[in-house]
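Source file: input-v6.tsv. Holds: TSV, C-alpha atoms and all ligand atoms.
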```
chain	number	residue	atom	x	y	z
A	1	MET	CA	17.51	-21.93	26.06
A	2	ALA	CA	20.18	-19.41	25.24
A	3	GLU	CA	19.15	-15.80	24.79
A	4	ARG	CA	20.95	-13.95	22.02
A	5	GLY	CA	23.10	-10.96	23.03
A	6	GLU	CA	22.06	-7.33	22.52
A	7	PRO	CA	21.85	-6.83	18.75
A	8	GLY	CA	23.32	-4.08	16.65
A	9	ALA	CA	25.20	-2.47	19.55
A	10	ASP	CA	28.62	-1.55	18.19
A	11	LEU	CA	28.59	-2.94	14.66
A	12	ALA	CA	28.64	0.57	13.25
A	13	THR	CA	31.92	1.29	15.06
A	14	GLN	CA	33.35	-2.13	14.42
A	15	VAL	CA	32.87	-1.80	10.67
A	16	ILE	CA	35.12	1.28	10.57
A	17	ARG	CA	37.97	-0.65	12.18
A	18	VAL	CA	37.33	-3.58	9.86
A	19	PHE	CA	37.43	-1.29	6.81
A	20	GLU	CA	40.64	0.41	7.96
A	21	ARG	CA	42.30	-2.94	8.59
A	22	GLN	CA	41.42	-4.11	5.08
A	23	TYR	CA	42.07	-0.98	3.06
A	24	GLY	CA	44.44	1.13	5.21
A	25	GLU	CA	42.19	4.20	5.34
A	26	PRO	CA	38.78	5.14	6.81
A	27	PRO	CA	35.63	4.64	4.69
A	28	VAL	CA	33.79	7.52	3.05
A	29	GLY	CA	30.53	6.37	4.64
A	30	ARG	CA	28.52	3.63	6.32
A	31	TRP	CA	25.09	2.25	5.57
A	32	ALA	CA	22.89	-0.24	7.43
A	33	ALA	CA	19.94	-2.45	6.55
A	34	PRO	CA	18.04	-4.80	8.89
A	35	GLY	CA	16.89	-8.39	8.86
A	36	ARG	CA	13.17	-8.96	9.27
A	37	VAL	CA	10.50	-11.17	10.68
A	38	ASN	CA	7.12	-11.48	9.02
A	39	LEU	CA	4.23	-11.10	11.44
A	40	ILE	CA	1.88	-12.81	9.00
A	41	GLY	CA	1.45	-13.41	5.24
A	42	GLU	CA	3.74	-16.23	4.17
A	43	HIS	CA	4.31	-17.24	0.53
A	44	THR	CA	1.80	-14.59	-0.47
A	45	ASP	CA	4.31	-12.12	-1.91
A	46	TYR	CA	5.05	-13.94	-5.19
A	47	ASN	CA	1.28	-14.50	-5.53
A	48	ASP	CA	0.81	-10.71	-5.73
A	49	GLY	CA	-0.72	-10.78	-2.24
A	50	PHE	CA	-0.26	-9.12	1.14
A	51	VAL	CA	2.48	-9.34	3.78
A	52	LEU	CA	3.10	-7.73	7.17
A	53	PRO	CA	6.79	-7.88	8.10
A	54	PHE	CA	8.71	-5.73	10.56
A	55	ALA	CA	12.41	-4.92	10.67
A	56	LEU	CA	14.63	-6.41	13.34
A	57	PRO	CA	17.19	-4.53	15.41
A	58	GLN	CA	19.78	-6.93	13.97
A	59	ARG	CA	21.31	-5.42	10.87
A	60	THR	CA	24.03	-5.54	8.26
A	61	VAL	CA	26.40	-2.60	8.13
A	62	VAL	CA	28.46	-1.73	5.06
A	63	ALA	CA	31.40	0.68	5.08
A	64	ALA	CA	32.45	1.83	1.62
A	65	THR	CA	34.61	4.13	-0.45
A	66	PRO	CA	34.25	4.65	-4.21
A	67	VAL	CA	37.08	3.84	-6.63
A	68	ASP	CA	37.67	5.17	-10.14
A	69	GLU	CA	37.28	1.91	-12.05
A	70	PRO	CA	34.49	-0.67	-12.37
A	71	LEU	CA	35.97	-2.93	-9.70
A	72	TRP	CA	34.35	-4.06	-6.44
A	73	THR	CA	36.33	-5.45	-3.53
A	74	VAL	CA	34.27	-6.77	-0.62
A	75	TRP	CA	35.43	-7.99	2.77
A	76	SER	CA	32.96	-9.97	4.88
A	77	GLU	CA	33.76	-9.85	8.57
A	78	GLN	CA	31.32	-12.72	9.16
A	79	THR	CA	33.02	-15.18	6.82
A	80	GLY	CA	36.53	-13.71	6.96
A	81	GLU	CA	36.68	-13.66	3.14
A	82	ARG	CA	37.54	-11.04	0.59
A	83	ILE	CA	36.16	-11.16	-2.95
A	84	THR	CA	36.81	-9.01	-6.00
A	85	PHE	CA	34.84	-8.76	-9.22
A	86	ASP	CA	34.93	-6.42	-12.20
A	87	GLY	CA	32.20	-5.07	-14.47
A	88	GLU	CA	32.37	-7.99	-16.87
A	89	GLN	CA	31.96	-10.47	-14.00
A	90	ALA	CA	29.16	-8.42	-12.49
A	91	ASP	CA	27.38	-8.53	-15.83
A	92	LYS	CA	27.28	-12.35	-15.82
A	93	PRO	CA	24.56	-13.55	-13.43
A	94	GLY	CA	25.83	-16.53	-11.46
A	95	HIS	CA	29.52	-15.70	-11.95
A	96	VAL	CA	30.09	-14.67	-8.34
A	97	THR	CA	28.69	-17.30	-5.96
A	98	GLY	CA	28.00	-17.67	-2.23
A	99	TRP	CA	27.43	-14.55	-0.13
A	100	GLY	CA	29.25	-12.48	-2.77
A	101	SER	CA	26.43	-13.19	-5.23
A	102	TYR	CA	24.15	-10.86	-3.23
A	103	VAL	CA	26.68	-8.04	-3.60
A	104	ALA	CA	27.51	-8.72	-7.25
A	105	GLY	CA	23.78	-9.17	-7.87
A	106	VAL	CA	23.07	-5.65	-6.67
A	107	VAL	CA	25.81	-4.26	-8.93
A	108	TRP	CA	24.35	-6.29	-11.80
A	109	ALA	CA	20.74	-5.16	-11.13
A	110	LEU	CA	21.78	-1.50	-10.99
A	111	ARG	CA	23.91	-1.73	-14.13
A	112	ASP	CA	21.21	-3.70	-15.94
A	113	ALA	CA	18.73	-0.94	-15.12
A	114	GLY	CA	21.14	1.58	-16.67
A	115	HIS	CA	22.56	3.15	-13.51
A	116	PRO	CA	26.21	4.27	-13.55
A	117	VAL	CA	27.26	2.25	-10.47
A	118	PRO	CA	30.57	3.39	-9.02
A	119	GLY	CA	33.30	0.84	-8.34
A	120	ALA	CA	33.92	0.54	-4.61
A	121	ARG	CA	35.77	-0.99	-1.73
A	122	LEU	CA	33.38	-2.39	0.82
A	123	ALA	CA	33.55	-3.99	4.24
A	124	VAL	CA	30.52	-5.79	5.64
A	125	ALA	CA	29.71	-6.66	9.25
A	126	SER	CA	26.40	-8.12	10.40
A	127	ASP	CA	24.59	-9.52	13.39
A	128	VAL	CA	21.70	-10.91	11.34
A	129	PRO	CA	22.17	-14.63	11.90
A	130	PRO	CA	22.64	-16.38	8.54
A	131	GLY	CA	20.45	-19.37	7.75
A	132	ALA	CA	17.86	-18.54	10.42
A	133	GLY	CA	15.20	-17.30	8.00
A	134	LEU	CA	15.65	-13.69	9.16
A	135	SER	CA	16.59	-12.38	5.70
A	136	SER	CA	20.33	-12.02	6.08
A	137	SER	CA	20.65	-12.03	2.29
A	138	ALA	CA	18.08	-9.24	1.83
A	139	ALA	CA	19.83	-7.22	4.56
A	140	LEU	CA	23.12	-7.54	2.67
A	141	GLU	CA	21.53	-6.65	-0.67
A	142	SER	CA	19.69	-3.70	0.82
A	143	ALA	CA	22.72	-2.33	2.67
A	144	VAL	CA	24.91	-2.60	-0.45
A	145	LEU	CA	22.21	-1.09	-2.68
A	146	THR	CA	21.75	1.84	-0.31
A	147	ALA	CA	25.52	2.38	-0.15
A	148	LEU	CA	26.09	2.26	-3.91
A	149	ALA	CA	23.06	4.46	-4.65
A	150	ASP	CA	24.41	7.12	-2.27
A	151	LEU	CA	28.07	6.81	-3.33
A	152	GLY	CA	27.12	7.13	-7.01
A	153	ARG	CA	24.47	9.80	-6.34
A	154	LEU	CA	22.19	7.67	-8.48
A	155	GLY	CA	19.03	9.54	-7.47
A	156	LEU	CA	17.30	6.20	-7.03
A	157	PRO	CA	13.81	6.64	-5.52
A	158	VAL	CA	13.28	4.52	-2.43
A	159	GLU	CA	10.14	3.04	-4.05
A	160	ALA	CA	12.26	1.52	-6.83
A	161	ARG	CA	14.84	-0.10	-4.58
A	162	PRO	CA	13.12	-3.28	-3.29
A	163	ALA	CA	12.43	-4.57	-6.81
A	164	LEU	CA	16.06	-3.98	-7.82
A	165	ALA	CA	17.34	-5.87	-4.77
A	166	GLN	CA	14.84	-8.64	-5.50
A	167	ARG	CA	16.15	-8.90	-9.10
A	168	ALA	CA	19.66	-9.24	-7.70
A	169	GLU	CA	18.52	-12.27	-5.74
A	170	ASN	CA	16.23	-13.75	-8.45
A	171	VAL	CA	18.50	-13.38	-11.43
A	172	TYR	CA	22.05	-13.14	-10.12
A	173	ALA	CA	21.85	-15.39	-7.04
A	174	GLY	CA	19.19	-17.68	-8.57
A	175	MET	CA	16.70	-17.66	-5.67
A	176	PRO	CA	13.13	-17.14	-6.96
A	177	CYS	CA	11.99	-15.15	-3.92
A	178	GLY	CA	9.21	-12.57	-3.83
A	179	VAL	CA	9.73	-8.93	-2.88
A	180	MET	CA	8.84	-9.05	0.81
A	181	ASP	CA	12.28	-9.36	2.38
A	182	GLN	CA	13.92	-6.60	0.35
A	183	ALA	CA	10.89	-4.32	0.83
A	184	ALA	CA	11.00	-4.96	4.59
A	185	SER	CA	14.72	-4.29	4.83
A	186	ILE	CA	14.49	-1.08	2.82
A	187	ARG	CA	11.10	0.39	3.75
A	188	CYS	CA	10.24	-0.61	7.32
A	189	ARG	CA	9.81	2.05	9.97
A	190	ALA	CA	10.60	1.77	13.71
A	191	GLY	CA	7.54	1.07	15.85
A	192	HIS	CA	5.56	-0.14	12.84
A	193	ALA	CA	4.84	-3.24	10.80
A	194	LEU	CA	4.89	-2.82	7.02
A	195	PHE	CA	1.58	-3.65	5.34
A	196	LEU	CA	2.62	-4.23	1.74
A	197	ASP	CA	0.53	-4.97	-1.31
A	198	CYS	CA	3.04	-7.00	-3.30
A	199	ARG	CA	1.23	-6.31	-6.59
A	200	SER	CA	1.09	-2.51	-6.52
A	201	LEU	CA	3.90	-2.15	-3.95
A	202	ASP	CA	1.61	0.30	-2.15
A	203	LEU	CA	2.40	0.25	1.52
A	204	GLU	CA	1.12	1.44	4.84
A	205	HIS	CA	3.09	1.66	8.07
A	206	ILE	CA	0.89	0.09	10.73
A	207	PRO	CA	1.74	1.13	14.31
A	208	PHE	CA	2.93	-1.98	16.13
A	209	ASP	CA	4.58	-1.51	19.47
A	210	PRO	CA	3.96	-4.65	21.54
A	211	ALA	CA	5.82	-3.25	24.57
A	212	THR	CA	3.29	-0.47	25.18
A	213	ALA	CA	0.61	-3.15	25.44
A	214	GLY	CA	2.75	-5.14	27.91
A	215	LEU	CA	3.50	-7.67	25.19
A	216	ALA	CA	6.56	-9.03	23.43
A	217	VAL	CA	7.26	-10.86	20.21
A	218	LEU	CA	9.47	-13.78	21.05
A	219	VAL	CA	11.65	-14.86	18.13
A	220	ILE	CA	12.76	-18.46	18.54
A	221	ASP	CA	15.42	-19.73	16.17
A	222	SER	CA	14.38	-23.35	15.69
A	223	ARG	CA	17.92	-24.28	14.62
A	224	ALA	CA	16.41	-26.97	12.43
A	225	PRO	CA	18.83	-27.87	9.67
A	226	HIS	CA	17.58	-26.23	6.45
A	227	ARG	CA	17.11	-28.92	3.81
A	228	HIS	CA	16.42	-28.39	0.09
A	229	VAL	CA	15.08	-24.93	0.90
A	230	THR	CA	15.58	-23.36	-2.53
A	231	GLY	CA	14.20	-26.39	-4.38
A	232	GLU	CA	11.13	-26.70	-2.15
A	233	TYR	CA	10.54	-22.95	-2.32
A	234	ALA	CA	10.73	-23.00	-6.12
A	235	ALA	CA	8.34	-25.97	-6.21
A	236	ARG	CA	5.78	-24.10	-4.07
A	237	ARG	CA	6.05	-21.06	-6.29
A	238	ALA	CA	5.67	-23.15	-9.46
A	239	ALA	CA	2.58	-24.90	-8.05
A	240	CYS	CA	0.96	-21.55	-7.25
A	241	GLU	CA	1.74	-20.10	-10.66
A	242	SER	CA	0.44	-23.16	-12.46
A	243	ALA	CA	-2.77	-23.08	-10.39
A	244	ALA	CA	-3.27	-19.42	-11.31
A	245	ARG	CA	-2.88	-20.35	-15.01
A	246	THR	CA	-5.43	-23.17	-14.66
A	247	LEU	CA	-7.85	-20.81	-12.95
A	248	GLY	CA	-7.32	-18.15	-15.61
A	249	VAL	CA	-6.21	-15.43	-13.17
A	250	PRO	CA	-2.98	-13.37	-13.25
A	251	ALA	CA	-2.05	-14.56	-9.73
A	252	LEU	CA	-3.65	-16.37	-6.78
A	253	ARG	CA	-4.27	-12.98	-5.19
A	254	ASP	CA	-7.13	-12.73	-7.67
A	255	VAL	CA	-8.98	-15.69	-6.13
A	256	PRO	CA	-11.35	-14.10	-3.58
A	257	LEU	CA	-12.08	-15.89	-0.33
A	258	ASP	CA	-15.73	-16.32	-1.28
A	259	GLY	CA	-14.64	-17.84	-4.60
A	260	LEU	CA	-12.23	-20.30	-3.00
A	261	ALA	CA	-14.55	-23.32	-2.93
A	262	ALA	CA	-15.40	-22.88	-6.62
A	263	ALA	CA	-11.72	-22.44	-7.50
A	264	LEU	CA	-10.77	-25.59	-5.61
A	265	ASP	CA	-13.44	-27.52	-7.54
A	266	ARG	CA	-11.72	-26.56	-10.77
A	267	LEU	CA	-8.35	-28.00	-9.72
A	268	ASP	CA	-7.84	-31.72	-10.07
A	269	ASP	CA	-4.59	-32.10	-8.09
A	270	ASP	CA	-5.15	-32.44	-4.36
A	271	VAL	CA	-1.70	-31.06	-3.45
A	272	VAL	CA	-2.26	-27.98	-5.61
A	273	ARG	CA	-5.68	-27.47	-4.01
A	274	HIS	CA	-4.01	-27.34	-0.60
A	275	ARG	CA	-1.41	-24.84	-1.85
A	276	VAL	CA	-4.13	-22.57	-3.23
A	277	ARG	CA	-6.14	-22.77	-0.03
A	278	HIS	CA	-3.12	-21.65	1.98
A	279	VAL	CA	-2.46	-18.61	-0.19
A	280	VAL	CA	-6.07	-17.45	-0.39
A	281	THR	CA	-6.75	-17.86	3.34
A	282	GLU	CA	-3.37	-16.38	4.27
A	283	ASN	CA	-4.09	-13.20	2.33
A	284	GLN	CA	-7.33	-12.89	4.26
A	285	ARG	CA	-5.50	-13.41	7.57
A	286	VAL	CA	-3.15	-10.55	6.73
A	287	LEU	CA	-6.10	-8.24	6.06
A	288	GLU	CA	-7.76	-9.27	9.33
A	289	THR	CA	-4.51	-8.81	11.26
A	290	VAL	CA	-4.09	-5.31	9.85
A	291	ALA	CA	-7.67	-4.44	10.80
A	292	LEU	CA	-7.09	-5.61	14.38
A	293	LEU	CA	-3.82	-3.70	14.69
A	294	ARG	CA	-5.44	-0.56	13.32
A	295	ALA	CA	-8.04	-0.97	16.08
A	296	GLY	CA	-5.25	-1.37	18.64
A	297	ASP	CA	-6.31	-4.93	19.56
A	298	VAL	CA	-2.89	-6.57	19.56
A	299	THR	CA	-3.62	-9.77	21.49
A	300	ALA	CA	-6.51	-10.53	19.12
A	301	ILE	CA	-4.04	-11.23	16.31
A	302	GLY	CA	-2.82	-14.32	18.19
A	303	PRO	CA	-5.40	-16.78	16.79
A	304	LEU	CA	-4.70	-15.53	13.26
A	305	MET	CA	-0.97	-16.22	13.77
A	306	THR	CA	-1.75	-19.72	15.00
A	307	ALA	CA	-4.15	-20.36	12.11
A	308	SER	CA	-1.43	-19.20	9.72
A	309	HIS	CA	0.93	-21.75	11.20
A	310	ALA	CA	-1.63	-24.54	10.83
A	311	SER	CA	-2.11	-23.55	7.20
A	312	MET	CA	1.64	-23.61	6.54
A	313	ARG	CA	1.89	-26.99	8.25
A	314	ASP	CA	-1.14	-28.72	6.74
A	315	ASP	CA	-1.79	-27.00	3.41
A	316	PHE	CA	1.51	-25.50	2.27
A	317	GLU	CA	3.57	-28.23	3.97
A	318	ILE	CA	6.61	-26.07	4.72
A	319	THR	CA	7.05	-26.66	8.44
A	320	VAL	CA	9.37	-29.18	10.11
A	321	PRO	CA	9.07	-31.01	13.46
A	322	GLU	CA	11.26	-28.47	15.28
A	323	VAL	CA	9.07	-25.48	14.37
A	324	ASP	CA	5.84	-27.38	15.01
A	325	THR	CA	7.18	-28.37	18.43
A	326	ALA	CA	8.15	-24.77	19.23
A	327	VAL	CA	4.73	-23.45	18.21
A	328	ALA	CA	2.84	-26.08	20.22
A	329	ALA	CA	5.00	-25.56	23.31
A	330	ALA	CA	4.71	-21.77	23.13
A	331	LEU	CA	0.92	-22.00	22.88
A	332	SER	CA	0.73	-24.46	25.78
A	333	ALA	CA	2.83	-22.05	27.85
A	334	GLY	CA	0.33	-19.25	27.27
A	335	ALA	CA	1.38	-17.48	24.04
A	336	TYR	CA	-1.53	-15.59	22.43
A	337	GLY	CA	-0.43	-16.94	19.07
A	338	ALA	CA	2.59	-18.54	17.47
A	339	ARG	CA	3.75	-19.28	13.95
A	340	MET	CA	6.77	-20.00	11.84
A	341	THR	CA	8.01	-16.93	9.99
A	342	GLY	CA	9.77	-16.85	6.61
A	343	GLY	CA	10.16	-19.29	3.76
A	344	GLY	CA	9.98	-22.46	5.85
A	345	PHE	CA	11.76	-25.78	6.35
A	346	GLY	CA	13.29	-24.45	9.55
A	347	GLY	CA	14.06	-20.87	10.48
A	348	CYS	CA	12.33	-18.96	13.26
A	349	VAL	CA	9.06	-19.12	15.15
A	350	LEU	CA	7.30	-16.00	16.46
A	351	ALA	CA	5.24	-16.12	19.63
A	352	LEU	CA	3.15	-13.22	20.89
A	353	VAL	CA	3.42	-13.30	24.67
A	354	ASP	CA	2.96	-11.16	27.76
A	355	ALA	CA	6.30	-9.40	28.12
A	356	ASP	CA	6.84	-10.73	31.63
A	357	ARG	CA	6.31	-14.30	30.42
A	358	ALA	CA	8.77	-14.29	27.54
A	359	GLU	CA	11.38	-16.25	29.44
A	360	THR	CA	8.85	-18.75	30.82
A	361	VAL	CA	7.52	-19.43	27.32
A	362	ALA	CA	11.07	-19.76	25.97
A	363	ASP	CA	11.89	-22.22	28.75
A	364	ALA	CA	8.81	-24.27	27.89
A	365	VAL	CA	9.98	-24.47	24.28
A	366	THR	CA	13.41	-25.62	25.44
A	367	ALA	CA	11.86	-28.30	27.61
A	368	ALA	CA	9.83	-29.57	24.66
A	369	TYR	CA	13.01	-29.63	22.54
A	370	VAL	CA	14.85	-31.61	25.20
A	371	ASP	CA	12.02	-34.16	25.23
A	372	ARG	CA	12.28	-34.55	21.46
A	373	GLY	CA	16.10	-34.65	21.41
A	374	PHE	CA	16.40	-31.50	19.23
A	375	THR	CA	19.34	-29.06	19.30
A	376	PRO	CA	18.33	-26.39	21.87
A	377	PRO	CA	16.86	-23.26	20.25
A	378	VAL	CA	18.05	-19.67	20.69
A	379	TRP	CA	15.65	-16.79	21.35
A	380	PHE	CA	15.33	-13.04	21.62
A	381	THR	CA	12.48	-10.54	21.78
A	382	ALA	CA	12.14	-8.11	18.90
A	383	ALA	CA	10.62	-4.65	18.65
A	384	PRO	CA	10.04	-3.24	15.15
A	385	GLY	CA	13.14	-1.36	13.99
A	386	ALA	CA	14.01	0.99	11.13
A	387	GLY	CA	14.69	0.20	7.47
A	388	ALA	CA	17.86	0.81	5.46
A	389	THR	CA	19.67	4.05	6.14
A	390	ALA	CA	22.94	5.92	5.85
A	391	LEU	CA	24.77	6.19	9.19
A	392	SER	CA	26.20	9.51	10.20
B	401	LIG	C1	11.34	-16.06	1.77
B	401	LIG	C2	11.28	-15.25	0.48
B	401	LIG	F1	12.49	-14.66	0.25
B	401	LIG	C3	10.17	-14.22	0.53
B	401	LIG	O1	10.07	-13.58	-0.72
B	401	LIG	C4	8.83	-14.85	0.92
B	401	LIG	O2	8.28	-15.56	-0.15
B	401	LIG	C5	9.01	-15.73	2.15
B	401	LIG	O3	10.07	-16.66	2.01
B	401	LIG	C6	7.76	-16.51	2.45
B	401	LIG	O4	6.73	-15.65	2.80
B	401	LIG	O5	11.71	-15.25	2.86
```
For this file, write the structure as structure tokens.
Amino acid sequence: MAERGEPGADLATQVIRVFERQYGEPPVGRWAAPGRVNLIGEHTDYNDGFVLPFALPQRTVVAATPVDEPLWTVWSEQTGERITFDGEQADKPGHVTGWGSYVAGVVWALRDAGHPVPGARLAVASDVPPGAGLSSSAALESAVLTALADLGRLGLPVEARPALAQRAENVYAGMPCGVMDQAASIRCRAGHALFLDCRSLDLEHIPFDPATAGLAVLVIDSRAPHRHVTGEYAARRAACESAARTLGVPALRDVPLDGLAAALDRLDDDVVRHRVRHVVTENQRVLETVALLRAGDVTAIGPLMTASHASMRDDFEITVPEVDTAVAAALSAGAYGARMTGGGFGGCVLALVDADRAETVADAVTAAYVDRGFTPPVWFTAAPGAGATALS
């Protein structure tokens, strides 16, 4: 299996050259925001529940300079495209499409909230792989939001930023995601996982440094083709919201674990019962994972990760054969726990392993892929990195 190259290395320098090539002068500043993995707590965010992501070293870097009119020009080094939109176009959700919708969406969300967003020239470079479930869109939104907030001296509190970036994605780009990815990209701290209550947006930085315990988090990109992701995601969200209405609670977060059996009895659709069981048990697994990490017992979170995967596979039905194969092979090769991370239907698998066995476990996953005739996966090990920031 191929190992990905060293992330993040010289993107910050590269983006200056890219900006100069596009606009003929150096940028006023540079800002960066990371992709993320979620250690545990999947599809709990839009149910007002708990999540535990950490930021990746891979990040999106934006170089920018303000201009005097409400006009945004954006070059993407990844796609080799340049887009331009004005205030009127930014004010029409859906007008700018593709990757540009995440940029225009941020401008829209800021303007809609009454902020005097400056026009700007921007250049974007990123090593967050797109389509791998590592939140490349949230990294782009968060980097652009951080850049525009600084350029316009908007005085935007960091606590308010994730919800604005989420609105960009929900309303402008049309993806009904929760707040986890934007919160992770903006608020994570190096060496920590982010324990977030998605209802109150209260958060706690939980120390999480697998390397000091001789461990590693292996991130395996399943390379499964993403199919119908937005539609399936929206369907899961709708099922959860309708179940909450039937149960007479504001959100599934309000169904306690010891009230789960009674709640399930009140639902007459078997599929919906499975969805509810996933969310309620997953919230509990997040709380138990946090308790174990607070106690410094990192390997003990393995079984919770594996139980989370089983719940996503059997109850929430968001896994695909590639990720199930990767999880099973990683566990057989000695991982303490393994699970798919992110929205599902492909994306990445996390495996908690002894650091000196990372390659062996990755090789075992490759062998299982070869047996099944799947496209070979790509892997890297990830230590928790920092959230969005200005670069000096
Ligand atoms: C995607 C979404 F964008 C998040 O909000 C979250 O719901 C996640 O899927 C599943 O936990 O990444």
Can you work out which residues are within 7 Å of ligand LIG 401 (chain B), considering all atoms listed in the file, and then hand them over as a PyMOL selection string? chain A and resi 41-46+133+135+177-181+342-344
Those selected residues, please, written with C-alpha atoms and delivered as a PDB file, in the frame of the given file.
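Done, and the output landed in out-v7.pdb:
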```
ATOM      1  CA  GLY A  41       1.450 -13.410   5.240  1.00  0.00           C
ATOM      2  CA  GLU A  42       3.740 -16.230   4.170  1.00  0.00           C
ATOM      3  CA  HIS A  43       4.310 -17.240   0.530  1.00  0.00           C
ATOM      4  CA  THR A  44       1.800 -14.590  -0.470  1.00  0.00           C
ATOM      5  CA  ASP A  45       4.310 -12.120  -1.910  1.00  0.00           C
ATOM      6  CA  TYR A  46       5.050 -13.940  -5.190  1.00  0.00           C
ATOM      7  CA  GLY A 133      15.200 -17.300   8.000  1.00  0.00           C
ATOM      8  CA  SER A 135      16.590 -12.380   5.700  1.00  0.00           C
ATOM      9  CA  CYS A 177      11.990 -15.150  -3.920  1.00  0.00           C
ATOM     10  CA  GLY A 178       9.210 -12.570  -3.830  1.00  0.00           C
ATOM     11  CA  VAL A 179       9.730  -8.930  -2.880  1.00  0.00           C
ATOM     12  CA  MET A 180       8.840  -9.050   0.810  1.00  0.00           C
ATOM     13  CA  ASP A 181      12.280  -9.360   2.380  1.00  0.00           C
ATOM     14  CA  GLY A 342       9.770 -16.850   6.610  1.00  0.00           C
ATOM     15  CA  GLY A 343      10.160 -19.290   3.760  1.00  0.00           C
ATOM     16  CA  GLY A 344       9.980 -22.460   5.850  1.00  0.00           C
TER      17      GLY A 344
END
```
Hey, what's within 12 Å of Ala163 in chain A if we count all atoms listed in the file and toss same-chain stuff fewer than 6 positions away? As a short mmCIF file (atom, residue, chain, number, x, y, z; two decimals) with C-alpha atoms, in the coordinates of the input, please?
```cif
data_model
loop_
_atom_site.label_atom_id
_atom_site.label_comp_id
_atom_site.auth_asym_id
_atom_site.auth_seq_id
_atom_site.Cartn_x
_atom_site.Cartn_y
_atom_site.Cartn_z
CA VAL A 106 23.07 -5.65 -6.67
CA ALA A 109 20.74 -5.16 -11.13
CA LEU A 110 21.78 -1.50 -10.99
CA ALA A 113 18.73 -0.94 -15.12
CA ALA A 138 18.08 -9.24 1.83
CA GLU A 141 21.53 -6.65 -0.67
CA SER A 142 19.69 -3.70 0.82
CA LEU A 145 22.21 -1.09 -2.68
CA LEU A 156 17.30 6.20 -7.03
CA PRO A 157 13.81 6.64 -5.52
CA GLU A 169 18.52 -12.27 -5.74
CA ASN A 170 16.23 -13.75 -8.45
CA VAL A 171 18.50 -13.38 -11.43
CA CYS A 177 11.99 -15.15 -3.92
CA GLY A 178 9.21 -12.57 -3.83
CA VAL A 179 9.73 -8.93 -2.88
CA MET A 180 8.84 -9.05 0.81
CA ASP A 181 12.28 -9.36 2.38
CA GLN A 182 13.92 -6.60 0.35
CA ALA A 183 10.89 -4.32 0.83
CA ALA A 184 11.00 -4.96 4.59
CA SER A 185 14.72 -4.29 4.83
CA ILE A 186 14.49 -1.08 2.82
CA ARG A 187 11.10 0.39 3.75
CA CYS A 198 3.04 -7.00 -3.30
CA ARG A 199 1.23 -6.31 -6.59
CA SER A 200 1.09 -2.51 -6.52
CA LEU A 201 3.90 -2.15 -3.95
#
```
Return the single residue from A:Gly346, A:Gly49, A:Pro66, A:Gly80 that is closest to Gln22 in chain A, with distances computed using only C-alpha atoms.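 Of A:Gly346, A:Gly49, A:Pro66, A:Gly80, the one nearest Gln22 in chain A is A:Gly80, counting only C-alpha atoms.
We find CA of Pro57 in chain A and CA of Gly385 in chain A to be spaced 5.3 Å apart.
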In Å to one decimal, how far is CA of Ala244 in chain A from CA of Ala160 in chain A?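 We find that CA of Ala160 in chain A and CA of Ala244 in chain A lie 26.5 Å from each other.
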Residue among A:Ala64, A:Leu52, A:Val229, A:Ala168 lying closest to Leu148 in chain A, counting all atoms listed in the file: A:Ala64
Check the smallest atom-to-atom distance from each of A:Val37, A:Ala390, A:Ala239, A:Ile220 to Val327 in chain A using only C-alpha atoms, then report the winner.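 Residue with the minimum atom-to-atom distance to Val327 in chain A: A:Ile220.
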Distance query Glu81 in chain A at most 10 Å, only C-alpha atoms, self and fewer than 5 positions along chain excluded, as a PyMOL selection string: chain A and resi 74-76+99-100
Using 12 Å as the limit and counting only C-alpha atoms, can you tabulate each residue of range 174-249 of chain A that touches range 285-307 of chain A, with its shortest atom-to-atom distance in Å and the two atoms involved, as CSV?
```
residue,atom,partner,partner_atom,distance
A:His192,CA,A:Leu293,CA,10.2
A:Ala193,CA,A:Val290,CA,9.2
A:Leu194,CA,A:Val290,CA,9.7
A:Phe195,CA,A:Val290,CA,7.4
A:Leu196,CA,A:Val286,CA,9.9
A:Asp197,CA,A:Leu287,CA,10.4
A:Leu203,CA,A:Val290,CA,11.9
A:Glu204,CA,A:Val290,CA,9.9
A:His205,CA,A:Val290,CA,10.2
A:Ile206,CA,A:Arg294,CA,6.9
A:Pro207,CA,A:Leu293,CA,7.4
A:Phe208,CA,A:Leu293,CA,7.1
A:Asp209,CA,A:Val298,CA,9.0
A:Pro210,CA,A:Val298,CA,7.4
A:Ala211,CA,A:Val298,CA,10.6
A:Thr212,CA,A:Val298,CA,10.3
A:Ala213,CA,A:Val298,CA,7.6
A:Gly214,CA,A:Thr299,CA,10.2
A:Leu215,CA,A:Thr299,CA,8.3
A:Ala216,CA,A:Thr299,CA,10.4
A:Val217,CA,A:Gly302,CA,10.8
```
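The gap separating CA of Cys188 in chain A from CA of Ala12 in chain A is 19.4 Å, in Å to one decimal.
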Near Gly347 in chain A, counting all atoms listed in the file, which residues have an atom at most 10 Å away, once you skip same-chain residues fewer than 4 positions from it, shown as a ChimeraX atom specification? /A:130-134,220-226,319-320,322-323,340-343
Return the single residue from A:Ala328, A:Ala149, A:Val219, A:Ala235 that is closest to Met175 in chain A, with distances computed using all atoms listed in the file. A:Ala235
Show me as a VMD selection string the residues that reach within 10 Å of (-10.3, -25.2, -4.7), counting all atoms listed in the file and using the file's own coordinates. chain A and resid 243 247 255 259 to 270 272 to 277 280
I want to know what sits within 8 Å of Ala358 in chain A, based on only C-alpha atoms, with residues of the same chain fewer than 3 positions away left out; could you give that as a CSV table (one decimal) with C-alpha atoms, in the coordinates of the input?
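Ended up saving to result.csv:
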```csv
chain,number,residue,atom,x,y,z
A,216,ALA,CA,6.6,-9.0,23.4
A,218,LEU,CA,9.5,-13.8,21.0
A,353,VAL,CA,3.4,-13.3,24.7
A,354,ASP,CA,3.0,-11.2,27.8
A,355,ALA,CA,6.3,-9.4,28.1
A,361,VAL,CA,7.5,-19.4,27.3
A,362,ALA,CA,11.1,-19.8,26.0
A,381,THR,CA,12.5,-10.5,21.8
```
